[in-house]
$ cat start-v5.cif   # mmCIF, C-alpha atoms
data_query
loop_
_atom_site.label_atom_id
_atom_site.label_comp_id
_atom_site.auth_asym_id
_atom_site.auth_seq_id
_atom_site.Cartn_x
_atom_site.Cartn_y
_atom_site.Cartn_z
CA MET A 1 16.33 -42.18 -81.49
CA LEU A 2 13.71 -41.54 -78.90
CA LYS A 3 10.20 -40.89 -80.06
CA ASN A 4 8.44 -37.86 -78.76
CA VAL A 5 4.80 -38.70 -78.35
CA ILE A 6 2.31 -35.87 -78.16
CA TYR A 7 -0.22 -36.15 -75.38
CA CYS A 8 -3.61 -34.54 -75.46
CA GLY A 9 -3.78 -31.52 -73.20
CA VAL A 10 -7.32 -32.33 -72.16
CA CYS A 11 -7.40 -36.03 -71.42
CA SER A 12 -3.63 -36.73 -71.32
CA TYR A 13 -3.92 -39.72 -73.69
CA PRO A 14 -2.11 -39.88 -76.99
CA PRO A 15 -4.55 -38.13 -79.37
CA GLU A 16 -5.53 -41.33 -81.14
CA TYR A 17 -7.15 -42.55 -77.94
CA CYS A 18 -9.09 -39.34 -77.31
CA GLU A 19 -12.26 -40.93 -78.64
CA PHE A 20 -12.23 -43.27 -75.66
CA SER A 21 -11.73 -40.64 -73.00
CA GLY A 22 -15.27 -39.28 -72.98
CA LYS A 23 -14.03 -35.75 -73.50
CA LEU A 24 -13.75 -35.99 -77.25
CA LYS A 25 -15.29 -32.62 -77.99
CA ARG A 26 -12.84 -30.67 -75.92
CA CYS A 27 -9.99 -32.90 -77.06
CA LYS A 28 -10.79 -32.07 -80.67
CA VAL A 29 -10.75 -28.37 -79.95
CA TRP A 30 -7.45 -28.66 -78.18
CA LEU A 31 -5.90 -30.74 -80.94
CA SER A 32 -7.04 -28.46 -83.74
CA GLU A 33 -5.60 -25.50 -81.91
CA ASN A 34 -2.30 -27.04 -80.98
CA HIS A 35 -1.51 -29.71 -83.55
CA ALA A 36 -3.51 -29.00 -86.68
CA ASP A 37 -1.64 -31.56 -88.75
CA LEU A 38 -2.45 -34.36 -86.34
CA PHE A 39 -6.04 -33.22 -86.19
CA ALA A 40 -6.37 -33.46 -89.95
CA LYS A 41 -4.85 -36.89 -89.92
CA LEU A 42 -7.14 -38.21 -87.24
CA TYR A 43 -10.44 -36.51 -87.88
CA GLY A 44 -10.17 -35.28 -91.44
CA ALA A 45 -10.34 -31.65 -92.47
CA GLU A 46 -12.51 -29.33 -90.46
CA ASP A 47 -15.97 -28.20 -91.56
CA ASN A 48 -16.20 -30.76 -94.23
CA ALA A 49 -19.13 -33.07 -93.77
CA GLN A 50 -18.43 -35.11 -96.85
CA GLU A 51 -14.97 -35.94 -95.76
CA GLU A 52 -16.14 -36.71 -92.29
CA VAL A 53 -18.50 -39.31 -93.66
CA GLU A 54 -15.65 -40.73 -95.63
CA VAL A 55 -13.50 -40.95 -92.56
CA VAL A 56 -16.26 -42.77 -90.75
CA THR A 57 -16.77 -45.24 -93.56
CA ASN A 58 -13.04 -45.77 -93.77
CA LYS A 59 -12.99 -46.46 -90.12
CA LEU A 60 -15.75 -48.98 -90.54
CA ALA A 61 -13.93 -50.65 -93.37
CA GLU A 62 -10.68 -50.76 -91.44
CA SER A 63 -12.24 -52.12 -88.35
CA SER A 64 -12.29 -55.84 -88.07
CA ILE A 65 -14.93 -56.28 -85.43
CA GLY A 66 -17.87 -56.08 -87.76
CA GLU A 67 -20.32 -53.32 -88.43
CA ALA A 68 -22.80 -54.26 -85.75
CA ARG A 69 -20.22 -54.32 -83.01
CA GLU A 70 -18.63 -51.16 -84.29
CA GLU A 71 -21.97 -49.41 -84.13
CA LYS A 72 -22.53 -50.60 -80.61
CA LEU A 73 -19.09 -49.38 -79.67
CA GLU A 74 -19.79 -45.98 -81.12
CA LYS A 75 -23.02 -45.80 -79.21
CA ASP A 76 -21.34 -46.76 -75.99
CA LEU A 77 -18.65 -44.18 -76.53
CA LEU A 78 -21.26 -41.52 -77.13
CA ARG A 79 -22.99 -42.49 -73.93
CA ILE A 80 -19.78 -42.29 -71.97
CA GLN A 81 -19.08 -38.93 -73.52
CA LYS A 82 -22.46 -37.60 -72.55
CA LYS A 83 -22.10 -38.87 -69.02
CA GLN A 84 -18.71 -37.26 -68.71
CA GLU A 85 -20.00 -33.97 -70.06
CA ASN A 86 -22.87 -33.93 -67.63
CA ARG A 87 -20.56 -34.66 -64.79
CA GLU A 88 -18.19 -31.90 -65.78
CA GLU A 89 -21.05 -29.47 -66.05
CA ARG A 90 -22.26 -30.37 -62.61
CA GLU A 91 -18.81 -30.03 -61.18
CA LEU A 92 -18.34 -26.64 -62.76
CA ALA A 93 -21.68 -25.44 -61.44
CA LYS A 94 -20.72 -26.65 -58.01
CA LYS A 95 -17.42 -24.86 -58.25
CA LEU A 96 -19.02 -21.65 -59.34
CA SER A 97 -21.65 -21.73 -56.66
CA SER A 98 -19.21 -22.37 -53.85
CA LYS A 99 -17.09 -19.70 -52.30
CA VAL A 100 -13.79 -19.27 -50.62
CA ILE A 101 -13.78 -17.78 -47.17
CA ILE A 102 -10.81 -15.89 -45.84
CA LYS A 103 -11.14 -15.11 -42.19
CA ARG A 104 -9.03 -13.01 -39.94
CA GLU A 105 -9.08 -13.77 -36.28
CA ALA A 106 -7.38 -12.12 -33.40
CA ARG A 107 -5.12 -14.23 -31.22
CA THR A 108 -3.91 -11.71 -28.74
CA LYS A 109 -4.07 -7.98 -28.93
CA LYS A 110 -1.70 -7.42 -31.76
CA LYS A 111 -1.47 -10.84 -33.32
CA PHE A 112 -3.74 -12.36 -35.91
CA ILE A 113 -4.24 -15.56 -37.79
CA VAL A 114 -5.76 -15.85 -41.22
CA ALA A 115 -7.79 -18.95 -42.00
CA ILE A 116 -8.76 -19.90 -45.55
CA SER A 117 -11.49 -22.46 -46.08
CA GLY A 118 -13.54 -23.71 -49.00
CA LEU A 119 -10.56 -24.44 -51.21
CA GLU A 120 -10.86 -28.20 -51.33
CA ILE A 121 -13.37 -28.17 -54.21
CA PHE A 122 -10.94 -26.50 -56.56
CA ASP A 123 -8.34 -29.28 -56.64
CA ILE A 124 -5.84 -27.20 -54.79
CA ASP A 125 -3.27 -29.06 -52.80
CA MET A 126 -3.72 -27.60 -49.35
CA LYS A 127 -0.40 -28.77 -48.00
CA LYS A 128 1.45 -27.30 -50.91
CA LEU A 129 -0.43 -24.04 -50.60
CA ALA A 130 0.43 -23.87 -46.93
CA LYS A 131 4.06 -24.38 -47.80
CA THR A 132 4.03 -21.60 -50.38
CA PHE A 133 2.36 -19.24 -47.96
CA ALA A 134 4.86 -20.08 -45.28
CA SER A 135 7.78 -19.20 -47.50
CA LYS A 136 6.02 -16.27 -49.16
CA PHE A 137 5.15 -14.49 -45.95
CA ALA A 138 7.91 -15.96 -43.82
CA THR A 139 5.41 -17.14 -41.25
CA GLY A 140 4.10 -20.34 -39.84
CA CYS A 141 1.42 -21.90 -41.96
CA SER A 142 -0.37 -25.18 -41.64
CA VAL A 143 -3.37 -27.21 -42.67
CA SER A 144 -5.87 -28.01 -39.95
CA LYS A 145 -9.43 -29.10 -39.52
CA ASN A 146 -11.95 -26.42 -38.57
CA VAL A 147 -15.18 -26.67 -36.63
CA GLU A 148 -17.12 -28.16 -39.52
CA LYS A 149 -14.50 -30.88 -39.93
CA LYS A 150 -13.27 -29.33 -43.14
CA GLU A 151 -9.71 -28.58 -43.98
CA GLU A 152 -8.47 -25.04 -43.86
CA VAL A 153 -5.16 -23.31 -44.27
CA VAL A 154 -4.12 -21.35 -41.21
CA ILE A 155 -1.53 -18.63 -41.55
CA GLN A 156 0.11 -16.92 -38.60
CA GLY A 157 0.20 -13.18 -39.06
CA ASP A 158 -1.87 -10.38 -40.44
CA VAL A 159 -1.61 -11.02 -44.17
CA MET A 160 -5.22 -11.01 -45.24
CA ASP A 161 -4.94 -8.63 -48.19
CA GLU A 162 -1.97 -10.40 -49.66
CA VAL A 163 -3.68 -13.73 -49.26
CA GLU A 164 -6.79 -12.43 -50.96
CA ALA A 165 -4.82 -11.18 -53.92
CA TYR A 166 -2.96 -14.46 -54.16
CA ILE A 167 -6.13 -16.54 -54.05
CA HIS A 168 -7.67 -14.39 -56.74
CA SER A 169 -4.71 -14.91 -59.03
CA LEU A 170 -4.72 -18.62 -58.24
CA LEU A 171 -8.37 -18.96 -59.19
CA GLU A 172 -7.88 -16.93 -62.32
CA GLU A 173 -5.13 -19.27 -63.37
CA LYS A 174 -7.60 -22.13 -63.13
CA GLY A 175 -10.11 -20.24 -65.23
CA LEU A 176 -12.51 -19.75 -62.37
CA LYS A 177 -12.56 -16.00 -62.22
CA ASP A 178 -16.17 -15.75 -61.13
CA VAL A 179 -15.77 -17.64 -57.89
CA LYS A 180 -16.67 -15.56 -54.92
CA VAL A 181 -14.03 -14.88 -52.35
CA GLU A 182 -15.45 -13.66 -49.11
CA THR A 183 -13.37 -12.01 -46.47
CA ILE A 184 -14.43 -11.91 -42.87
CA ASP A 185 -12.68 -9.71 -40.41
CA ALA A 186 -13.52 -11.02 -37.00
CA LYS A 187 -12.02 -8.01 -35.31
CA LYS A 188 -13.82 -5.36 -37.32
CA LYS A 189 -16.11 -4.17 -34.57
CA LYS A 190 -13.30 -3.61 -32.18
CA LYS A 191 -11.21 -1.68 -34.63
CA PRO A 192 -12.83 1.77 -34.26
CA ALA A 193 -12.60 1.38 -30.54
CA ALA A 194 -8.94 0.58 -30.85
CA GLU A 195 -8.41 3.64 -33.01
CA GLY A 196 -10.25 5.73 -30.44
CA ALA A 197 -7.96 4.37 -27.82
CA THR A 198 -4.89 5.37 -29.75
CA LYS A 199 -6.35 8.80 -30.34
CA GLN A 200 -6.88 9.21 -26.67
CA ALA A 201 -3.39 8.10 -26.05
CA THR A 202 -2.03 10.71 -28.46
CA LYS A 203 -4.01 13.39 -26.71
CA MET B 204 -1.83 -52.92 -59.50
CA PHE B 205 -2.39 -49.20 -59.69
CA ARG B 206 -6.13 -49.20 -59.46
CA LYS B 207 -6.01 -47.24 -56.26
CA PHE B 208 -2.89 -45.26 -55.99
CA THR B 209 -2.53 -41.80 -54.62
CA ARG B 210 0.19 -39.61 -53.37
CA GLU B 211 -0.53 -40.86 -49.87
CA ASP B 212 0.74 -44.29 -50.88
CA VAL B 213 4.22 -42.88 -51.31
CA HIS B 214 6.34 -43.83 -48.35
CA SER B 215 9.73 -42.44 -49.16
CA ARG B 216 11.69 -40.74 -51.84
CA SER B 217 15.39 -41.03 -52.25
CA LYS B 218 18.05 -40.36 -54.80
CA VAL B 219 19.74 -43.43 -56.21
CA LYS B 220 23.51 -43.66 -55.93
CA SER B 221 25.33 -43.54 -59.23
CA SER B 222 26.82 -46.98 -58.73
CA ILE B 223 23.40 -48.47 -58.15
CA GLN B 224 22.15 -46.43 -61.05
CA ARG B 225 24.67 -48.23 -63.23
CA THR B 226 23.54 -51.66 -62.13
CA LEU B 227 19.93 -50.65 -62.64
CA LYS B 228 20.66 -49.57 -66.17
CA ALA B 229 22.50 -52.80 -66.82
CA LYS B 230 19.57 -54.77 -65.49
CA LEU B 231 17.15 -52.89 -67.67
CA VAL B 232 19.25 -53.55 -70.74
CA LYS B 233 19.55 -57.20 -69.79
CA GLN B 234 15.79 -57.50 -69.63
CA TYR B 235 15.12 -55.54 -72.79
CA PRO B 236 18.28 -55.83 -74.93
CA LYS B 237 16.98 -53.47 -77.59
CA LEU B 238 17.09 -50.64 -75.11
CA GLU B 239 20.85 -50.69 -75.18
CA ASP B 240 21.18 -48.09 -77.93
CA VAL B 241 19.05 -45.53 -76.20
CA ILE B 242 19.67 -46.21 -72.54
CA ASN B 243 22.04 -43.31 -72.23
CA GLU B 244 19.51 -41.05 -73.84
CA LEU B 245 16.80 -42.23 -71.51
CA ILE B 246 18.90 -42.00 -68.42
CA PRO B 247 21.83 -39.69 -69.03
CA LYS B 248 25.07 -40.59 -67.28
CA LYS B 249 24.83 -37.46 -65.19
CA GLY B 250 21.11 -37.93 -64.72
CA GLN B 251 19.59 -38.60 -61.38
CA ILE B 252 17.27 -41.52 -60.86
CA GLU B 253 14.93 -41.16 -57.96
CA LEU B 254 13.52 -44.12 -56.15
CA ILE B 255 10.02 -43.80 -54.77
CA LYS B 256 8.95 -46.52 -52.42
CA CYS B 257 5.23 -47.01 -52.16
CA GLU B 258 2.57 -49.09 -50.51
CA ASP B 259 2.61 -52.84 -51.23
CA LYS B 260 6.36 -52.80 -51.87
CA ILE B 261 5.95 -51.10 -55.21
CA GLN B 262 9.00 -49.14 -56.24
CA LEU B 263 8.91 -46.44 -58.85
CA TYR B 264 11.98 -45.11 -60.58
CA THR B 265 11.75 -41.61 -61.93
CA VAL B 266 14.04 -39.45 -64.02
CA ASP B 267 13.30 -35.74 -64.09
CA GLY B 268 9.99 -36.29 -62.33
CA GLU B 269 8.74 -38.78 -64.87
CA VAL B 270 8.14 -42.38 -63.91
CA LEU B 271 10.17 -44.45 -66.35
CA PHE B 272 9.90 -47.88 -64.84
CA PHE B 273 8.79 -49.61 -61.70
CA GLN B 274 9.13 -52.91 -59.97
CA LYS B 275 7.13 -54.93 -57.58
CA PHE B 276 9.23 -58.03 -57.29
CA ASP B 277 12.47 -58.57 -59.08
CA GLU B 278 11.44 -57.68 -62.58
CA LEU B 279 11.57 -54.13 -63.87
CA ILE B 280 8.42 -53.07 -65.69
CA PRO B 281 8.54 -50.13 -68.08
CA SER B 282 5.92 -47.43 -67.71
CA LEU B 283 3.79 -46.41 -70.67
CA LYS B 284 5.65 -43.13 -70.98
CA LEU B 285 8.83 -45.13 -71.56
CA VAL B 286 7.09 -47.50 -73.96
CA HIS B 287 5.81 -44.57 -76.00
CA LYS B 288 9.26 -43.08 -76.18
CA PHE B 289 10.86 -46.20 -77.49
CA PRO B 290 8.35 -48.77 -78.70
CA GLY B 291 9.40 -52.06 -80.16
CA ALA B 292 11.83 -53.11 -77.47
CA TYR B 293 9.35 -55.18 -75.52
CA PRO B 294 7.23 -58.26 -76.13
CA THR B 295 4.05 -56.93 -77.69
CA VAL B 296 0.55 -58.17 -78.35
CA GLN B 297 -2.32 -56.44 -80.06
CA VAL B 298 -5.99 -56.32 -79.15
CA ASP B 299 -8.93 -55.53 -81.39
CA ARG B 300 -10.85 -52.28 -81.41
CA GLY B 301 -13.73 -53.60 -79.37
CA ALA B 302 -11.47 -54.25 -76.41
CA ILE B 303 -9.96 -50.78 -76.11
CA LYS B 304 -12.81 -49.34 -74.13
CA PHE B 305 -12.60 -52.05 -71.49
CA VAL B 306 -8.84 -52.02 -71.28
CA LEU B 307 -8.85 -48.28 -70.68
CA SER B 308 -11.13 -48.81 -67.73
CA GLY B 309 -8.71 -51.32 -66.30
CA ALA B 310 -10.19 -54.70 -67.22
CA ASN B 311 -8.08 -57.80 -67.67
CA ILE B 312 -7.77 -58.90 -71.26
CA MET B 313 -9.78 -61.88 -72.38
CA CYS B 314 -8.53 -64.40 -74.91
CA PRO B 315 -10.97 -63.58 -77.74
CA GLY B 316 -9.75 -59.99 -77.73
CA LEU B 317 -6.34 -61.28 -78.67
CA THR B 318 -7.32 -63.89 -81.25
CA SER B 319 -9.94 -62.06 -83.34
CA ALA B 320 -9.24 -60.62 -86.78
CA GLY B 321 -8.05 -57.21 -85.66
CA ALA B 322 -5.80 -58.58 -82.96
CA ASP B 323 -2.34 -59.95 -83.25
CA LEU B 324 -0.32 -62.50 -81.35
CA PRO B 325 3.29 -63.40 -82.04
CA PRO B 326 3.83 -66.62 -84.02
CA ALA B 327 4.95 -69.76 -82.21
CA PRO B 328 6.75 -70.25 -79.89
CA GLY B 329 5.44 -66.94 -78.60
CA TYR B 330 5.86 -65.82 -75.02
CA GLU B 331 5.86 -67.77 -71.80
CA LYS B 332 3.33 -67.43 -69.05
CA GLY B 333 4.28 -64.60 -66.72
CA THR B 334 5.94 -62.44 -69.38
CA ILE B 335 5.36 -58.73 -69.09
CA VAL B 336 3.81 -57.64 -72.38
CA VAL B 337 2.99 -54.31 -73.92
CA ILE B 338 -0.53 -54.12 -75.27
CA ASN B 339 -1.19 -52.34 -78.51
CA ALA B 340 -4.50 -51.78 -80.26
CA GLU B 341 -5.44 -52.23 -83.87
CA ASN B 342 -4.93 -49.18 -86.09
CA LYS B 343 -3.25 -47.39 -83.23
CA GLU B 344 0.32 -46.36 -83.09
CA ASN B 345 0.93 -46.14 -79.38
CA ALA B 346 0.56 -48.73 -76.69
CA LEU B 347 -2.37 -48.47 -74.33
CA ALA B 348 -1.54 -50.85 -71.53
CA ILE B 349 0.98 -53.15 -69.92
CA GLY B 350 0.10 -56.50 -68.47
CA GLU B 351 1.33 -59.88 -67.42
CA LEU B 352 0.44 -62.99 -69.36
CA MET B 353 -1.67 -65.36 -67.32
CA MET B 354 -1.07 -68.13 -69.85
CA SER B 355 1.42 -68.55 -72.66
CA THR B 356 0.51 -67.12 -76.05
CA GLU B 357 0.22 -70.62 -77.50
CA GLU B 358 -2.28 -71.51 -74.81
CA ILE B 359 -4.26 -68.38 -75.58
CA LYS B 360 -4.55 -69.49 -79.17
CA SER B 361 -5.66 -73.01 -78.30
CA ILE B 362 -7.92 -72.35 -75.30
CA ASN B 363 -9.34 -69.02 -76.42
CA LYS B 364 -11.49 -68.50 -73.38
CA GLY B 365 -11.31 -66.52 -70.16
CA HIS B 366 -8.70 -64.15 -68.79
CA SER B 367 -5.42 -64.09 -70.61
CA ILE B 368 -3.57 -60.97 -69.49
CA GLU B 369 -3.62 -59.45 -66.06
CA LEU B 370 -3.51 -55.72 -66.49
CA ILE B 371 -0.82 -53.85 -64.59
CA HIS B 372 -0.79 -50.37 -65.98
CA HIS B 373 -2.99 -48.63 -68.55
CA LEU B 374 -3.60 -45.19 -70.02
CA GLY B 375 -5.41 -42.97 -67.59
CA ASP B 376 -4.78 -44.97 -64.44
CA PRO B 377 -3.42 -43.28 -61.32
CA LEU B 378 0.17 -44.11 -62.22
CA TRP B 379 -0.31 -42.52 -65.63
CA ASN B 380 -1.53 -39.36 -63.95
CA PHE B 381 1.03 -39.59 -61.19
CA SER B 382 3.44 -36.74 -61.00
CA ILE B 383 5.90 -35.72 -58.40
CA GLU B 384 6.90 -32.14 -58.22
#
$ encode --input "start-v5.cif" --output "structure tokens"
Amino acid sequence: MLKNVIYCGVCSYPPEYCEFSGKLKRCKVWLSENHADLFAKLYGAEDNAQEEVEVVTNKLAESSIGEAREEKLEKDLLRIQKKQENREERELAKKLSSKVIIKREARTKKKFIVAISGLEIFDIDMKKLAKTFASKFATGCSVSKNVEKKEEVVIQGDVMDEVEAYIHSLLEEKGLKDVKVETIDAKKKKKPAAEGATKQATK
Amino acid sequence: MFRKFTREDVHSRSKVKSSIQRTLKAKLVKQYPKLEDVINELIPKKGQIELIKCEDKIQLYTVDGEVLFFQKFDELIPSLKLVHKFPGAYPTVQVDRGAIKFVLSGANIMCPGLTSAGADLPPAPGYEKGTIVVINAENKENALAIGELMMSTEEIKSINKGHSIELIHHLGDPLWNFSIE
């Protein structure tokens, strides 16, 4: 009894409204890959200019708002689409140029915290991430503001490598493989000294 | 209503008791009698409705993480997801193609958009002022918005000027994109 409506994977509208979302190009790609039958119904067969023209003229004939208004509408839609595309491009460039910083800091001699910053651009829910880390590493983990008034995830414990791997996989999932992830070890300089100390102790 | 709506506006989440669930279902059927056949499919007897209380006394009811209907005052309003699943059970009006763009950006619906050639209004006596209506578009299969009539449909036909439907919920608004894990 219930109808199962397909929603576009790109703009989340039912496919017939994709033309109004401003992401039409990507919507079309998605639809042709996932629901070819619907694609044919809505946009006509692929790679067929003649048919496309026909579809457009049909649309014009069907539409009741008059040719002039229809044309204006099409123009407006194109403009919206262009705007949206530009915006997406800018956002992507911004995402690619930014980087994630994972920092290890010493609390006391043997205890560390790991702070991750620069995640907010990637639409990652910080609170949720903190929660997953807390249960994954069985440690305390929270979201706090750092010196630059930006949010960062702070994890109690020396788990830098695991965190790095996790962040990499997370970014890959989002299709942002090229984002730089920088790791800073605040205790690096002291480490050789510490090793020396242990060596001396073993002597 | 959902122009600005984020996860921060959620105040509390709670599971609805099965007895209250029953009365809710009954109320929904009372409001939209045609839903009776499918109500058990929509909300299975063993299903769990969750009540999400939000800012401005808005209450959302979800089943399996999907908002099915919500209420601000007494009346239950179906969400678009629910309307898409079972269209035809609600009072419906149709707007012309020129209006779609504006409706999708959240504008109220003006009278001419409902009276022009591509649009459709129910014949007299139509709907009263204050009715919650589902808004369809010409040549489209699925609904694109839900609104409340600011004047009766007969008045829309005769006055044909100014705002006619106050938009509550439309495709692509924060409620449409709202998801709770």
$ resolve_selection --input "start-v5.cif" --expression "the PyMOL selection byres ((chain A and resi 161) around 12)" --output "PDB file with C-alpha atoms, keeping the file's coordinate frame"
ATOM      1  CA  ILE A 102     -10.810 -15.890 -45.840  1.00  0.00           C
ATOM      2  CA  LYS A 103     -11.140 -15.110 -42.190  1.00  0.00           C
ATOM      3  CA  ARG A 104      -9.030 -13.010 -39.940  1.00  0.00           C
ATOM      4  CA  VAL A 114      -5.760 -15.850 -41.220  1.00  0.00           C
ATOM      5  CA  PHE A 137       5.150 -14.490 -45.950  1.00  0.00           C
ATOM      6  CA  GLY A 157       0.200 -13.180 -39.060  1.00  0.00           C
ATOM      7  CA  ASP A 158      -1.870 -10.380 -40.440  1.00  0.00           C
ATOM      8  CA  VAL A 159      -1.610 -11.020 -44.170  1.00  0.00           C
ATOM      9  CA  MET A 160      -5.220 -11.010 -45.240  1.00  0.00           C
ATOM     10  CA  GLU A 162      -1.970 -10.400 -49.660  1.00  0.00           C
ATOM     11  CA  VAL A 163      -3.680 -13.730 -49.260  1.00  0.00           C
ATOM     12  CA  GLU A 164      -6.790 -12.430 -50.960  1.00  0.00           C
ATOM     13  CA  ALA A 165      -4.820 -11.180 -53.920  1.00  0.00           C
ATOM     14  CA  TYR A 166      -2.960 -14.460 -54.160  1.00  0.00           C
ATOM     15  CA  ILE A 167      -6.130 -16.540 -54.050  1.00  0.00           C
ATOM     16  CA  HIS A 168      -7.670 -14.390 -56.740  1.00  0.00           C
ATOM     17  CA  VAL A 181     -14.030 -14.880 -52.350  1.00  0.00           C
ATOM     18  CA  GLU A 182     -15.450 -13.660 -49.110  1.00  0.00           C
ATOM     19  CA  THR A 183     -13.370 -12.010 -46.470  1.00  0.00           C
ATOM     20  CA  ILE A 184     -14.430 -11.910 -42.870  1.00  0.00           C
ATOM     21  CA  ASP A 185     -12.680  -9.710 -40.410  1.00  0.00           C
TER      22      ASP A 185
END
$ atom_distance --input "start-v5.cif" --atom1 "atom CA of Ser135 of chain A" --atom2 "atom CA of Glu151 of chain A"
20.2 Å
$ closest_residue --input "start-v5.cif" --among "A:Ile155, A:Val5, A:Leu92, A:Ile116" --to "chain B" --atoms "all atoms listed in the file"
A:Val5
$ closest_atom_pairs --input "start-v5.cif" --of "chain B" --to "chain A" --cutoff "9 Å" --atoms "only C-alpha atoms" --output "JSON lines"
{"residue": "B:Asp240", "atom": "CA", "partner": "A:Met1", "partner_atom": "CA", "distance": 8.4}
{"residue": "B:Val241", "atom": "CA", "partner": "A:Met1", "partner_atom": "CA", "distance": 6.8}
{"residue": "B:Glu244", "atom": "CA", "partner": "A:Leu2", "partner_atom": "CA", "distance": 7.7}
{"residue": "B:Leu245", "atom": "CA", "partner": "A:Leu2", "partner_atom": "CA", "distance": 8.0}
{"residue": "B:Lys284", "atom": "CA", "partner": "A:Val5", "partner_atom": "CA", "distance": 8.6}
{"residue": "B:His287", "atom": "CA", "partner": "A:Val5", "partner_atom": "CA", "distance": 6.4}
{"residue": "B:Lys288", "atom": "CA", "partner": "A:Lys3", "partner_atom": "CA", "distance": 4.6}
{"residue": "B:Phe289", "atom": "CA", "partner": "A:Leu2", "partner_atom": "CA", "distance": 5.6}
{"residue": "B:Pro290", "atom": "CA", "partner": "A:Lys3", "partner_atom": "CA", "distance": 8.2}
{"residue": "B:Asp299", "atom": "CA", "partner": "A:Ile65", "partner_atom": "CA", "distance": 7.3}
{"residue": "B:Arg300", "atom": "CA", "partner": "A:Ile65", "partner_atom": "CA", "distance": 7.0}
{"residue": "B:Gly301", "atom": "CA", "partner": "A:Ile65", "partner_atom": "CA", "distance": 6.7}
{"residue": "B:Ile303", "atom": "CA", "partner": "A:Phe20", "partner_atom": "CA", "distance": 7.9}
{"residue": "B:Lys304", "atom": "CA", "partner": "A:Phe20", "partner_atom": "CA", "distance": 6.3}
{"residue": "B:Leu307", "atom": "CA", "partner": "A:Phe20", "partner_atom": "CA", "distance": 7.8}
{"residue": "B:Ser319", "atom": "CA", "partner": "A:Ile65", "partner_atom": "CA", "distance": 7.9}
{"residue": "B:Ala320", "atom": "CA", "partner": "A:Ser64", "partner_atom": "CA", "distance": 5.8}
{"residue": "B:Gly321", "atom": "CA", "partner": "A:Ser64", "partner_atom": "CA", "distance": 5.1}
{"residue": "B:Ala322", "atom": "CA", "partner": "A:Ser64", "partner_atom": "CA", "distance": 8.7}
{"residue": "B:Glu341", "atom": "CA", "partner": "A:Ser63", "partner_atom": "CA", "distance": 8.1}
{"residue": "B:Asn342", "atom": "CA", "partner": "A:Glu62", "partner_atom": "CA", "distance": 8.0}
{"residue": "B:Lys343", "atom": "CA", "partner": "A:Glu16", "partner_atom": "CA", "distance": 6.8}
{"residue": "B:Glu344", "atom": "CA", "partner": "A:Glu16", "partner_atom": "CA", "distance": 8.0}
{"residue": "B:Asn345", "atom": "CA", "partner": "A:Pro14", "partner_atom": "CA", "distance": 7.4}
{"residue": "B:Leu347", "atom": "CA", "partner": "A:Tyr17", "partner_atom": "CA", "distance": 8.4}
{"residue": "B:Leu374", "atom": "CA", "partner": "A:Tyr13", "partner_atom": "CA", "distance": 6.6}
{"residue": "B:Gly375", "atom": "CA", "partner": "A:Tyr13", "partner_atom": "CA", "distance": 7.1}
{"residue": "B:Trp379", "atom": "CA", "partner": "A:Ser12", "partner_atom": "CA", "distance": 8.8}
{"residue": "B:Asn380", "atom": "CA", "partner": "A:Ser12", "partner_atom": "CA", "distance": 8.1}
$ write_last_selection --input "start-v5.cif" --atoms "C-alpha atoms" --output "PDB file, keeping the file's coordinate frame"
ATOM      1  CA  ASP B 240      21.180 -48.090 -77.930  1.00  0.00           C
ATOM      2  CA  VAL B 241      19.050 -45.530 -76.200  1.00  0.00           C
ATOM      3  CA  GLU B 244      19.510 -41.050 -73.840  1.00  0.00           C
ATOM      4  CA  LEU B 245      16.800 -42.230 -71.510  1.00  0.00           C
ATOM      5  CA  LYS B 284       5.650 -43.130 -70.980  1.00  0.00           C
ATOM      6  CA  HIS B 287       5.810 -44.570 -76.000  1.00  0.00           C
ATOM      7  CA  LYS B 288       9.260 -43.080 -76.180  1.00  0.00           C
ATOM      8  CA  PHE B 289      10.860 -46.200 -77.490  1.00  0.00           C
ATOM      9  CA  PRO B 290       8.350 -48.770 -78.700  1.00  0.00           C
ATOM     10  CA  ASP B 299      -8.930 -55.530 -81.390  1.00  0.00           C
ATOM     11  CA  ARG B 300     -10.850 -52.280 -81.410  1.00  0.00           C
ATOM     12  CA  GLY B 301     -13.730 -53.600 -79.370  1.00  0.00           C
ATOM     13  CA  ILE B 303      -9.960 -50.780 -76.110  1.00  0.00           C
ATOM     14  CA  LYS B 304     -12.810 -49.340 -74.130  1.00  0.00           C
ATOM     15  CA  LEU B 307      -8.850 -48.280 -70.680  1.00  0.00           C
ATOM     16  CA  SER B 319      -9.940 -62.060 -83.340  1.00  0.00           C
ATOM     17  CA  ALA B 320      -9.240 -60.620 -86.780  1.00  0.00           C
ATOM     18  CA  GLY B 321      -8.050 -57.210 -85.660  1.00  0.00           C
ATOM     19  CA  ALA B 322      -5.800 -58.580 -82.960  1.00  0.00           C
ATOM     20  CA  GLU B 341      -5.440 -52.230 -83.870  1.00  0.00           C
ATOM     21  CA  ASN B 342      -4.930 -49.180 -86.090  1.00  0.00           C
ATOM     22  CA  LYS B 343      -3.250 -47.390 -83.230  1.00  0.00           C
ATOM     23  CA  GLU B 344       0.320 -46.360 -83.090  1.00  0.00           C
ATOM     24  CA  ASN B 345       0.930 -46.140 -79.380  1.00  0.00           C
ATOM     25  CA  LEU B 347      -2.370 -48.470 -74.330  1.00  0.00           C
ATOM     26  CA  LEU B 374      -3.600 -45.190 -70.020  1.00  0.00           C
ATOM     27  CA  GLY B 375      -5.410 -42.970 -67.590  1.00  0.00           C
ATOM     28  CA  TRP B 379      -0.310 -42.520 -65.630  1.00  0.00           C
ATOM     29  CA  ASN B 380      -1.530 -39.360 -63.950  1.00  0.00           C
TER      30      ASN B 380
END
